[in-house]
Amino acid sequence: MTLNDDGAHVRLFRELSAQPSPTRSHARAIAYGAMGTAASFSLSIFFLMGGLRQGPRPTTLVLLTSMGAALLAVIAARVAWSRGGRMLGRPAQALWLVIAMAPLTLFLWRYGVSDAFGMTEEWLDRPGWRCFRWSLAMGAAPFAALFYLRRDTELVHPALVGTAMGIAVGALVWVPVDLWCPVAYAPHLILGHVLPMLIFGAVGALLGRYLLVMRG
Amino acid sequence: MGFSLQAAGARMRAGTMGARDMSVTGVRSAAWTERHADAAMVRYGDGDEAAFSIVYEVTAPTLQRFLRRRVRDAEYIEDLVQRTFLQMHRHRARFIPGASVRKWACTIAVRMLITEIEHRRMLQRYLVTGVEADAAARDADPEAECVGHELAALLEKAIARLPARHARVIGMVRGEGRSTDEAAERLHTTPNGVRIRLSRALSALRKILRGDWDDPE
């Protein structure tokens with residue numbers, strides 16, 4: 001088949017029609033289905049953990065830390081997951097900003113606000129392993145769903161997009177873990193809350209390189 | 001379809017553009033054509049199959065011109081154009097209203113070109129380091145087999161450019177499968193001498209394949 005003759009597009013279209021290709025509404029339904037399932041999975045884990053646990057924290061502190069974290073996480077997710085109205089996705093600088101700033105600002109917010117309430121004392125029996133495990137468990141399904149939905153689509157910097165997506169998943173998971181965990185001792189926050197984000201980011205970088213890139 | 005954008009473009013350049021070119025499907029201006037194609041891609045993403053012909057009419061010539069500046073093989077260009085359309089078709093739901101379909105198509109084509117080059121480089125390295133390609137995998141993948149044949153021809157040409165002593169040692173050890181002891185006996189040298197000569201020969205071969213070989217002759 002040559003592409004220059006007049007009937008070329010008809011023949012090409014016939015060949016393309018044999019390939020599966022969801023329309024916009026169909027793709028949207030798949031995305032909502034996948035993300036909805038993943039979110040229900042994460043919420044189930046959250047309630048399995050025991051849901052909201054105020055502990056010795058004042059209500060204002062819980063509200064402040066969780067709402068601030070939610071705002072930061074939504075911003076990170078918005079930048080990392082959407083393409084900003086560009087077919088080639090966000091510029092690398094924006095993705096780097098999410099990767100560098102999301103863990104840092106979330107940590108500083110939680111630690112700073114808790115410190116203002118005098119809630120950053122050392123908890124010897126809470127090194128952070130439980131938060132670490134719960135964070136990974138809660139983030140696994142949204143992470144898998146996101147990478148499934150975005151597979152074979154990235155044209156410019158797939159590894160960077162993968163990293164930012166992973167960090168954003170970690171940022172969103174921070175919110176329910178924040179609601180559950182009353183400990184704001186810095187080493188605990190680093191191990192139980194920040195490290196899972198970084199792990200999601202690192203795995204995202206690897207998967208992005210091989211899974212997100214459009215290969216043709 | 002009677003209208004061809006390429007033909008219209010040629011008539012425009014020759015100054016013989018007629019009323020037909022200004023028809024509903026015709027060319028008004030480059031910006032108008034691009035907007036028309038972008039809108040058609042949005043409709044195609046929404047499921048309007050008829051919009052594909054407009055996307056094709058505008059994007060195929062652009063893609064061909066774009067690829068002709070990077071690739072010499074005309075058949076390969078056609079293959080890349082078709083594969084680009086296949087990707088656009090598969091990901092049509094991801095097209096963002098307001099984005100440029102031509103830029104998107106060109107970026108997809110470049111990405112596929114890069115992937116192909118990486119694939120070929122990997123195969124070259126695989127062959128040159130002496131590891132035999134997995135025959136079963138090649139049998140299962142006709143495209144890989146085809147690339148394998150191309151690389152074999154490339155390799156033959158590269159070996160022909162090597163100095164005779166290098167070509168001979170590669171032929172004996174990698175081609176005929178002789179041991180270093182056997183090769184050493186035939187070349188009147190020691191097994192270590194064969195290993196050194198083979199290492200130098202393979203290094204030279206890699207340079208030739210990478211295109212940074214200064215022929216000593």
# chains A, B, ... in the order shown; residues from 1 in each chain; ligands from 1
$ residues_around --residues "Val194 (chain A)" --least-positions-apart "4" --cutoff "12 Å" --atoms "only C-alpha atoms" --output "JSON, numbers by chain"
{"A": [99, 100, 101, 102, 103, 104, 105, 106, 107, 108, 110, 111, 128, 129, 131, 132, 135, 136, 167, 168, 169, 170, 171, 172, 173, 174, 175, 177, 178, 184, 186, 187, 188, 189, 190, 198, 199, 200, 201]}
$ closest_atom_pairs --of "chain B" --to "chain A" --cutoff "6 Å" --atoms "only C-alpha atoms" --output "JSON lines"
{"residue": "B:Met1", "atom": "CA", "partner": "A:Asp6", "partner_atom": "CA", "distance": 5.8}
{"residue": "B:Gly45", "atom": "CA", "partner": "A:Thr23", "partner_atom": "CA", "distance": 5.4}
{"residue": "B:Asp46", "atom": "CA", "partner": "A:Arg24", "partner_atom": "CA", "distance": 5.2}
{"residue": "B:Gly47", "atom": "CA", "partner": "A:Thr23", "partner_atom": "CA", "distance": 5.4}
{"residue": "B:Arg90", "atom": "CA", "partner": "A:Ser21", "partner_atom": "CA", "distance": 4.6}
{"residue": "B:Ala93", "atom": "CA", "partner": "A:Arg24", "partner_atom": "CA", "distance": 4.1}
{"residue": "B:Met112", "atom": "CA", "partner": "A:Gly216", "partner_atom": "CA", "distance": 5.7}
$ closest_residue --among "B:Ile170, B:Ala60, B:Leu202, B:Ala153" --to "Lys103 (chain B)" --atoms "only C-alpha atoms"
B:Ala60
$ closest_residue --among "B:Asp48, B:Leu80, B:Met88, B:Ala184" --to "Thr115 (chain B)" --atoms "only C-alpha atoms"
B:Leu80
$ closest_residue --among "A:Thr59, A:Pro176, A:Tyr185, A:Tyr210" --to "Met138 (chain A)" --atoms "only C-alpha atoms"
A:Pro176
